[in-house]
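Inspection log for the structure reproduced underneath, given as structure tokens.
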Amino acid sequence: MRVVRALGPVAFAAGLLLSGGAFAASAEKGKAAFVQHGCWQCHGMQGQGGVAGPKLAPDPIAIEAFTAFVRATNRAMPPYSEAILSNDDLADIHAYLETVPKPADYKNIPLLNQ
């Protein structure tokens with residue numbers, strides 16, 4: 001017999017965050033949040049990286065590491081508290097970064113193979 005326990009709201013929210021926000025994350029909302037919160041200014045419009053910020057996509061780091069870094073960074077990027085950037089927004093941004101396609105292999109670009 002399988003025993004199922006009801007989760008409180010805090011445990012449920014933590015479970016969603018730790019599962020990568022798979023139940024609620026929206027790449028479309030994530031792209032809007034990425035622009036709204038100015039992430040693009042340092043990381044580029046598709047998270048490809050720039051002069052001021054490293055590459056975030058494609059293949060972003062795990063949601064747990066992503067969230068921990070954004071919350072407590074001590075580098076050039078200022079930390080973003082939950083009051084400024086909610087966990088839902090972070091999960092959406094991560095979902096957006098996961099949808100960024102990988103660039104074409106240079107071997108398949110004719111001009112580069114001449």
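Identifiers in the structure tokens: chain A, B, ... in order shown; residue index from 1 per chain; ligand index from 1 in order shown.
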Could you list, as a PDB file with C-alpha atoms, in the first residue's frame, every residue within 10 Å of Pro54 (chain A), counting only C-alpha atoms and ignoring same-chain residues fewer than 5 positions away?
ATOM      1  CA  CYS A  42      24.964  41.754 -20.133  1.00  0.00           C
ATOM      2  CA  HIS A  43      24.093  38.265 -21.383  1.00  0.00           C
ATOM      3  CA  GLY A  44      22.738  39.093 -24.875  1.00  0.00           C
ATOM      4  CA  GLY A  47      21.820  34.407 -23.359  1.00  0.00           C
ATOM      5  CA  GLN A  48      24.732  33.986 -25.775  1.00  0.00           C
ATOM      6  CA  GLY A  49      27.019  36.069 -23.551  1.00  0.00           C
TER       7      GLY A  49
END
>> List as an MDAnalysis selection string the protein and nucleic acid residues near Gln46 (chain A), meaning an atom at most 10 Å away when only C-alpha atoms are counted, but skip any in the same chain fewer than 4 places from it.
In response: chainID A and resid 31 34:35 39:40 55:58 96:97 99:101
Can you write just those residues out, C-alpha atoms, as a CSV table (one decimal), in the first residue's frame?
chain,number,residue,atom,x,y,z
A,31,LYS,CA,11.8,35.7,-22.4
A,34,PHE,CA,14.7,38.2,-19.3
A,35,VAL,CA,14.1,41.5,-21.1
A,39,CYS,CA,19.4,40.3,-18.2
A,40,TRP,CA,19.9,40.8,-21.9
A,55,LYS,CA,27.0,32.7,-21.9
A,56,LEU,CA,23.9,31.3,-20.3
A,57,ALA,CA,22.4,29.4,-23.2
A,58,PRO,CA,22.1,27.0,-24.8
A,96,TYR,CA,13.5,30.3,-21.9
A,97,LEU,CA,17.2,29.7,-21.8
A,99,THR,CA,14.7,26.7,-25.5
A,100,VAL,CA,17.5,28.6,-27.1
A,101,PRO,CA,18.8,26.5,-30.0
>> At a cut-off of 12 Å, using only C-alpha atoms, what residues contact Ile84 (chain A)? Leave out same-chain residues fewer than 2 positions from it and give the result as a ChimeraX atom specification.
In response: /A:33,36-38,70-71,78-82,86-90
>> For a quick check of understanding, using only C-alpha atoms, which of A:Thr73, A:Gly30, A:Thr67, A:Asp59 has the smallest distance to Lys102 (chain A)?
In response: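 Result for the nearest residue to Lys102 (chain A): A:Asp59.
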>> To one decimal place in Å, what is the distance between CA of Gly50 (chain A) and CA of Gln114 (chain A)?
In response: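 Result for CA of Gly50 (chain A) versus CA of Gln114 (chain A): 28.3 Å, one decimal.
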> Expressed in Å to a single decimal, how great is the separation between CA of Ser26 (chain A) and CA of Ala83 (chain A)?
Replying inline: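 CA of Ala83 (chain A) lies at a distance of 19.7 Å from CA of Ser26 (chain A).
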> So what do you get for CA of Ala91 (chain A) versus CA of Met45 (chain A), distance-wise?
Replying inline: 17.4 Å
>> Write out as a VMD selection string the set of residues from region 10-109 of chain A that DSSP, computed on the backbone, places in helix (DSSP H, G or I).
In response: chain A and resid 10 to 18 27 to 36 39 to 43 63 to 72 87 to 99 106 to 108
Export, as a short mmCIF file (atom, residue, chain, number, x, y, z; two decimals), in the first residue's frame, the selected residues with N, CA and C atoms.
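The resulting file, result06.cif, is shown below:
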data_model
loop_
_atom_site.label_atom_id
_atom_site.label_comp_id
_atom_site.auth_asym_id
_atom_site.auth_seq_id
_atom_site.Cartn_x
_atom_site.Cartn_y
_atom_site.Cartn_z
N VAL A 10 4.64 25.68 1.53
CA VAL A 10 6.08 25.93 1.44
C VAL A 10 6.78 24.72 0.83
N ALA A 11 6.43 23.53 1.28
CA ALA A 11 7.04 22.30 0.75
C ALA A 11 6.67 22.12 -0.71
N PHE A 12 5.43 22.42 -1.05
CA PHE A 12 4.99 22.30 -2.45
C PHE A 12 5.78 23.25 -3.34
N ALA A 13 5.93 24.51 -2.92
CA ALA A 13 6.67 25.51 -3.70
C ALA A 13 8.14 25.09 -3.83
N ALA A 14 8.72 24.59 -2.74
CA ALA A 14 10.12 24.14 -2.80
C ALA A 14 10.26 22.97 -3.76
N GLY A 15 9.29 22.07 -3.75
CA GLY A 15 9.32 20.93 -4.67
C GLY A 15 9.24 21.37 -6.11
N LEU A 16 8.41 22.37 -6.39
CA LEU A 16 8.33 22.89 -7.76
C LEU A 16 9.65 23.51 -8.18
N LEU A 17 10.25 24.28 -7.28
CA LEU A 17 11.52 24.93 -7.62
C LEU A 17 12.60 23.88 -7.84
N LEU A 18 12.68 22.90 -6.97
CA LEU A 18 13.73 21.89 -7.09
C LEU A 18 13.50 20.95 -8.27
N ALA A 27 8.49 29.34 -21.09
CA ALA A 27 9.58 29.96 -21.85
C ALA A 27 9.17 31.33 -22.38
N GLU A 28 7.91 31.47 -22.77
CA GLU A 28 7.43 32.75 -23.29
C GLU A 28 7.48 33.83 -22.20
N LYS A 29 7.01 33.49 -21.00
CA LYS A 29 7.09 34.43 -19.88
C LYS A 29 8.55 34.68 -19.51
N GLY A 30 9.37 33.64 -19.63
CA GLY A 30 10.79 33.77 -19.30
C GLY A 30 11.51 34.74 -20.21
N LYS A 31 11.17 34.72 -21.49
CA LYS A 31 11.79 35.66 -22.42
C LYS A 31 11.40 37.09 -22.05
N ALA A 32 10.14 37.29 -21.71
CA ALA A 32 9.67 38.62 -21.31
C ALA A 32 10.37 39.08 -20.02
N ALA A 33 10.53 38.16 -19.05
CA ALA A 33 11.21 38.50 -17.79
C ALA A 33 12.68 38.78 -18.03
N PHE A 34 13.30 38.03 -18.94
CA PHE A 34 14.72 38.22 -19.29
C PHE A 34 14.94 39.64 -19.80
N VAL A 35 14.00 40.13 -20.60
CA VAL A 35 14.09 41.50 -21.13
C VAL A 35 13.73 42.51 -20.05
N GLN A 36 12.63 42.28 -19.34
CA GLN A 36 12.13 43.21 -18.33
C GLN A 36 13.16 43.47 -17.24
N CYS A 39 18.39 41.32 -18.06
CA CYS A 39 19.39 40.25 -18.19
C CYS A 39 20.12 40.36 -19.54
N TRP A 40 19.36 40.73 -20.57
CA TRP A 40 19.89 40.82 -21.93
C TRP A 40 21.02 41.83 -22.05
N GLN A 41 21.04 42.83 -21.19
CA GLN A 41 22.05 43.88 -21.31
C GLN A 41 23.46 43.35 -21.15
N CYS A 42 23.64 42.34 -20.33
CA CYS A 42 24.96 41.75 -20.13
C CYS A 42 25.12 40.39 -20.81
N HIS A 43 24.02 39.64 -20.89
CA HIS A 43 24.09 38.26 -21.38
C HIS A 43 23.64 38.10 -22.83
N ILE A 63 18.74 24.33 -12.69
CA ILE A 63 17.91 25.37 -12.08
C ILE A 63 18.33 25.68 -10.64
N GLU A 64 18.74 24.67 -9.88
CA GLU A 64 19.15 24.91 -8.50
C GLU A 64 20.39 25.79 -8.44
N ALA A 65 21.39 25.49 -9.26
CA ALA A 65 22.61 26.29 -9.29
C ALA A 65 22.33 27.68 -9.86
N PHE A 66 21.48 27.74 -10.87
CA PHE A 66 21.09 29.01 -11.48
C PHE A 66 20.44 29.92 -10.44
N THR A 67 19.47 29.38 -9.70
CA THR A 67 18.77 30.16 -8.68
C THR A 67 19.72 30.58 -7.57
N ALA A 68 20.55 29.67 -7.10
CA ALA A 68 21.49 29.99 -6.02
C ALA A 68 22.45 31.10 -6.45
N PHE A 69 22.93 31.04 -7.68
CA PHE A 69 23.86 32.07 -8.14
C PHE A 69 23.18 33.43 -8.25
N VAL A 70 22.00 33.46 -8.84
CA VAL A 70 21.28 34.73 -9.01
C VAL A 70 20.96 35.35 -7.65
N ARG A 71 20.65 34.54 -6.67
CA ARG A 71 20.29 35.05 -5.34
C ARG A 71 21.50 35.52 -4.53
N ALA A 72 22.65 34.88 -4.69
CA ALA A 72 23.76 35.15 -3.78
C ALA A 72 25.08 35.42 -4.50
N ASN A 87 10.80 33.55 -7.67
CA ASN A 87 11.21 32.19 -8.05
C ASN A 87 10.50 31.76 -9.33
N ASP A 88 9.23 32.17 -9.48
CA ASP A 88 8.50 31.85 -10.71
C ASP A 88 9.17 32.49 -11.92
N ASP A 89 9.59 33.77 -11.78
CA ASP A 89 10.29 34.44 -12.88
C ASP A 89 11.60 33.74 -13.21
N LEU A 90 12.33 33.33 -12.17
CA LEU A 90 13.60 32.62 -12.40
C LEU A 90 13.37 31.30 -13.13
N ALA A 91 12.32 30.57 -12.73
CA ALA A 91 12.01 29.30 -13.39
C ALA A 91 11.63 29.56 -14.85
N ASP A 92 10.88 30.64 -15.09
CA ASP A 92 10.50 30.98 -16.46
C ASP A 92 11.72 31.38 -17.29
N ILE A 93 12.61 32.17 -16.71
CA ILE A 93 13.83 32.58 -17.42
C ILE A 93 14.66 31.34 -17.76
N HIS A 94 14.78 30.43 -16.80
CA HIS A 94 15.53 29.19 -17.04
C HIS A 94 14.87 28.39 -18.17
N ALA A 95 13.54 28.33 -18.16
CA ALA A 95 12.82 27.62 -19.23
C ALA A 95 13.09 28.28 -20.58
N TYR A 96 13.15 29.61 -20.62
CA TYR A 96 13.47 30.32 -21.86
C TYR A 96 14.88 29.95 -22.33
N LEU A 97 15.83 29.98 -21.41
CA LEU A 97 17.22 29.67 -21.78
C LEU A 97 17.36 28.25 -22.30
N GLU A 98 16.52 27.33 -21.80
CA GLU A 98 16.54 25.95 -22.28
C GLU A 98 16.02 25.82 -23.71
N THR A 99 15.23 26.80 -24.17
CA THR A 99 14.67 26.74 -25.53
C THR A 99 15.58 27.35 -26.58
N TYR A 106 30.00 24.67 -37.29
CA TYR A 106 30.76 25.43 -38.29
C TYR A 106 31.10 24.58 -39.52
N LYS A 107 31.18 23.29 -39.34
CA LYS A 107 31.51 22.41 -40.48
C LYS A 107 30.40 22.37 -41.50
N ASN A 108 29.20 22.78 -41.10
CA ASN A 108 28.05 22.78 -42.01
C ASN A 108 27.78 24.16 -42.63
#
